[in-house]
Every structure is written in C-alpha cells, then in structure tokens.
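Visitor: Pasting in a structure now, in structure tokens, and then I'll have a few things to ask.
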Amino acid sequence: MCSIEIDIASMSAVELADVAHAIAAELAQRQAPDSPAVCMRMAETLSAATDLHESALADTIARVDASGEMRRWGLPSALAWLRNHMGMREARARERLALARQHTRLPQVTKLLACGDLSYGYAATIATAVNRLPDQDCAAAEEILLDLTDQGFSAGKVAAFGNKITDLIAERDGTEKADSETRRGYERSWIDSTRSLDGGRYIKGWLNAEDAAIWDGTLGPLAKPAGTDDRRDLSERTAAALTSVLSGGHKGTKVTVICDLDTLTGGTAPARLTDGTPIP
C-alpha cells in the first residue's frame, strides 16, 4: 500500500496523469467490497471516472495525431501507435481515433464528456457517425444525436440512427426530395475492414451511386441462387460472389471445340481443340 498527498491545483497535466495511474494501480490490487450494493455503486463511480479519463485521452491523442509525433518513433500513423504501443484492438483504436479527430468539430460532445455529463460510449458513437460529414452537417448531426441521448435511447440505438444521419438531417431541414437519391449519403465511397480474433473480417462501408452500379452489375448475376437446392440467403450468396470476384474465379474461360457433324448427331469420333488435342 502506498500513501499519496495530492495538491491538484498545483499539478501539471502530466503529474495528474501519473497520480491517476498510481491510484488506479493501487485500486487494482484491492478486493471488491463484500456488499453487492456497494460494488454496484463503486462500479458506476469507476465507469464515470473512466469516461473522464477517455476525455483527457482523446485530447492527447488528437494532439499527437495532428502533429505527426508518432512518425518520429517509427510508426506510420496514429492508428498504428494506438495498436502497437497501447495494445488496443483495431476496433477500439479506430473508435478512439475517431473521437480524437472529431474533438474540435463536436464542441457540445467534447464539453459534456469532459464534465462527466456524457458517457464515452455515446461520445464515441456520435464521433463515428459524423466522421465523414461536412462541417455544416456535422453540427446538425451533433444536435440530433445528443437529443436522442437525452431521450434515453441506448448507445446502440444512437449508432443505428447515426448510420442514417444524412436522412435525419434532410428530414429535419425539409430538404429531402424524392429525386435526390443520387446526392444523399456520402459523396465518396469508403470501406472499413476489421479483423476478428478467429482470423475472419468484419466489413462496413458505403458506395456512391456510380460504384453501387458497378457492384450491382458485377455481383448481382453472381449472387443468384445456384439452383433449387441452394439454401444460402442473399447475404451469403453476395459474400460468395464477392470472394469469387476477388479471387478472379468469376471470369469466364472461352474454349474453341472443333466437332464433326457426325459426332454431334451421335457418332463416336472425338472432338478436338484447335491444337488437335482430342476431347470426349
């Protein structure tokens, strides 16, 4: 057990971080109280403290990312820094980086998180939702999504609304039109890919109208049922079609076969390829 005297007002941010680490290290060695009710209250307190730490972490990550400091240490990106030096999984590293990069574009979220009035889960969800929005839409999205948190929607529900935030903004502003499908959503296509623990990969993305047409024209025919015994659903067939395209298996092979008329009408003489090789 260690004893620490804390004069918070006179400490620098770095010194406060060191003290927070020392307190956390000591707390980690303590056993949880016997009372479940006390444990419940303590867990909620620790969770709130963790959210405040996440606010400070987002600010520091933002400064490192903007300055490119990680490259002085041989790391190609802030994402690589978070993964390699902090041991974060890909998804968590991307989530924290998104929150850091949206720090200045989400002033209300940043303030509420720093004051302990908004959890990290909600803050990260909102930051991810506005990641590719222009500044004007970002401000509108922040207001809409914060209002949803005030209404008591879960972080999962807010994330679902965030996936269609451009539609919600258009609906709120009365700018949505029936013929505006080609300009709704994101202007540029994007795909995020995250590896799972078992070696698989999660894929999430958006295709603009032009790229969506290529997707439909290429994968649509390949994703049709292979026959009456094909019990795969559309999602499974689409995945199979995509892997077929990526591996080059969708490309047809043309073969010229020379065959006598007698063979076509039931004769036994073999057909042949253009180089004379006989085939059945």
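So you can find residues: chains in the structure tokens are A, B, ... in the order shown, residues in each start at 1, and ligands are numbered from 1 in order.
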Could you name the residues that touch region 76-92 of chain A at 7 Å or less, counting only C-alpha atoms, but leaving out those on the same chain fewer than 6 positions away, as a list in words?
Guide: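 So the residues in contact are Asp65, Met70 and Thr194 of chain A.
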Visitor: Sorted by chain and rising residue number, list the residues of region 32-132 of chain A at most 9 Å from region 136-160 of chain A (counting only C-alpha atoms), each with its closest atom pair and distance in Å to one decimal, as CSV.
Guide:
residue,atom,partner,partner_atom,distance
A:Arg105,CA,A:Cys138,CA,7.2
A:Leu106,CA,A:Glu142,CA,6.7
A:Pro107,CA,A:Glu142,CA,8.9
A:Gln108,CA,A:Glu142,CA,7.7
A:Val109,CA,A:Glu142,CA,7.6
A:Leu118,CA,A:Thr149,CA,8.8
A:Gly121,CA,A:Ala155,CA,6.4
A:Tyr122,CA,A:Ala155,CA,5.5
A:Thr125,CA,A:Ala159,CA,5.7
A:Ile126,CA,A:Leu145,CA,6.7
A:Ala127,CA,A:Glu142,CA,8.5
A:Thr128,CA,A:Ala159,CA,8.4
A:Ala129,CA,A:Ala159,CA,7.1
A:Val130,CA,A:Cys138,CA,5.6
A:Asn131,CA,A:Cys138,CA,8.3
A:Arg132,CA,A:Cys138,CA,8.6
Visitor: Could you pull out all residues of region 95-271 of chain A with a DSSP call of strand (DSSP E) and give them as a ChimeraX atom specification?
Guide: /A:190-195,201-206,257-258,271
Visitor: To one decimal place, how far is CA of Ala28 (chain A) from CA of Leu46 (chain A) in Å?
Guide: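 CA of Leu46 (chain A) lies 11.3 Å from CA of Ala28 (chain A).
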Visitor: Pick the closest to Cys115 (chain A) from A:Arg231, A:His53, A:Arg101, A:Arg30: which is it, counting only C-alpha atoms?
Guide: A:His53
Visitor: I want to know what sits within 12 Å of Ala56 (chain A), based on only C-alpha atoms, with residues of the same chain fewer than 4 positions away left out; could you give that as an NGL selection string?
Guide: :A and (13-14 or 16-17 or 20 or 49-52 or 60-63 or 96 or 99-100 or 103 or 110-111 or 113-116 or 120)
Visitor: Convert the current residue selection to file output with N, CA and C atoms, as a compact mmCIF listing (two decimals), in the first residue's frame.
Guide:
# COMPACT_ATOMS: atom_id res chain seq x y z
N ALA A 13 -0.68 18.70 -15.99
CA ALA A 13 -1.48 17.61 -16.55
C ALA A 13 -0.72 16.29 -16.52
N VAL A 14 0.58 16.35 -16.79
CA VAL A 14 1.40 15.14 -16.78
C VAL A 14 1.47 14.57 -15.36
N LEU A 16 -0.73 14.98 -12.97
CA LEU A 16 -2.04 14.42 -12.64
C LEU A 16 -2.23 13.05 -13.26
N ALA A 17 -1.74 12.87 -14.51
CA ALA A 17 -1.82 11.56 -15.17
C ALA A 17 -1.03 10.52 -14.39
N ALA A 20 -3.02 9.66 -11.32
CA ALA A 20 -4.17 8.82 -11.70
C ALA A 20 -3.72 7.38 -11.93
N ALA A 49 -15.42 7.67 -13.85
CA ALA A 49 -14.03 8.11 -13.84
C ALA A 49 -13.32 7.71 -15.13
N THR A 50 -13.63 6.52 -15.61
CA THR A 50 -13.05 6.05 -16.87
C THR A 50 -13.46 6.94 -18.04
N ASP A 51 -14.73 7.36 -18.04
CA ASP A 51 -15.20 8.26 -19.10
C ASP A 51 -14.44 9.58 -19.08
N LEU A 52 -14.16 10.10 -17.87
CA LEU A 52 -13.38 11.34 -17.76
C LEU A 52 -11.95 11.13 -18.25
N THR A 60 -5.28 14.22 -25.82
CA THR A 60 -3.87 13.93 -26.05
C THR A 60 -3.66 13.21 -27.39
N ILE A 61 -4.54 12.27 -27.72
CA ILE A 61 -4.44 11.56 -29.00
C ILE A 61 -4.59 12.55 -30.15
N ALA A 62 -5.51 13.50 -30.01
CA ALA A 62 -5.72 14.49 -31.06
C ALA A 62 -4.45 15.29 -31.32
N ARG A 63 -3.74 15.67 -30.27
CA ARG A 63 -2.52 16.46 -30.43
C ARG A 63 -1.42 15.64 -31.08
N ARG A 96 -11.38 5.30 -30.76
CA ARG A 96 -10.73 6.38 -30.01
C ARG A 96 -10.14 7.43 -30.94
N LEU A 99 -12.94 9.69 -32.18
CA LEU A 99 -13.34 10.67 -31.17
C LEU A 99 -12.31 11.79 -31.08
N ALA A 100 -11.02 11.44 -31.14
CA ALA A 100 -9.97 12.45 -31.06
C ALA A 100 -10.03 13.41 -32.25
N HIS A 103 -12.82 15.99 -32.09
CA HIS A 103 -12.81 16.77 -30.86
C HIS A 103 -13.25 18.21 -31.08
N THR A 110 -17.69 17.24 -26.72
CA THR A 110 -16.42 17.39 -26.01
C THR A 110 -16.64 17.97 -24.61
N LYS A 111 -17.46 19.00 -24.51
CA LYS A 111 -17.72 19.64 -23.22
C LYS A 111 -18.46 18.70 -22.27
N LEU A 113 -18.60 15.42 -22.30
CA LEU A 113 -17.75 14.30 -21.90
C LEU A 113 -16.76 14.73 -20.83
N ALA A 114 -16.16 15.91 -21.00
CA ALA A 114 -15.18 16.42 -20.04
C ALA A 114 -15.81 16.75 -18.70
N CYS A 115 -17.10 17.09 -18.70
CA CYS A 115 -17.81 17.43 -17.45
C CYS A 115 -18.42 16.20 -16.78
N GLY A 116 -18.34 15.06 -17.43
CA GLY A 116 -18.94 13.86 -16.87
C GLY A 116 -20.43 13.74 -17.11
N TYR A 120 -18.52 7.89 -22.43
CA TYR A 120 -17.63 7.67 -23.57
C TYR A 120 -18.34 6.91 -24.68
Visitor: Could you state the separation of CA of Ser196 (chain A) and CA of Ala98 (chain A) in Å, given to one decimal place?
Guide: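 Spanning CA of Ser196 (chain A) to CA of Ala98 (chain A) is a straight-line distance of 19.7 Å.
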Visitor: Given the choices A:Ser47, A:Ala226, A:Val257, A:Thr218, which gets closest to Thr243 (chain A) if the distance is worked out from only C-alpha atoms?
Guide: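 Smallest separation from Thr243 (chain A) among the options: A:Thr218.
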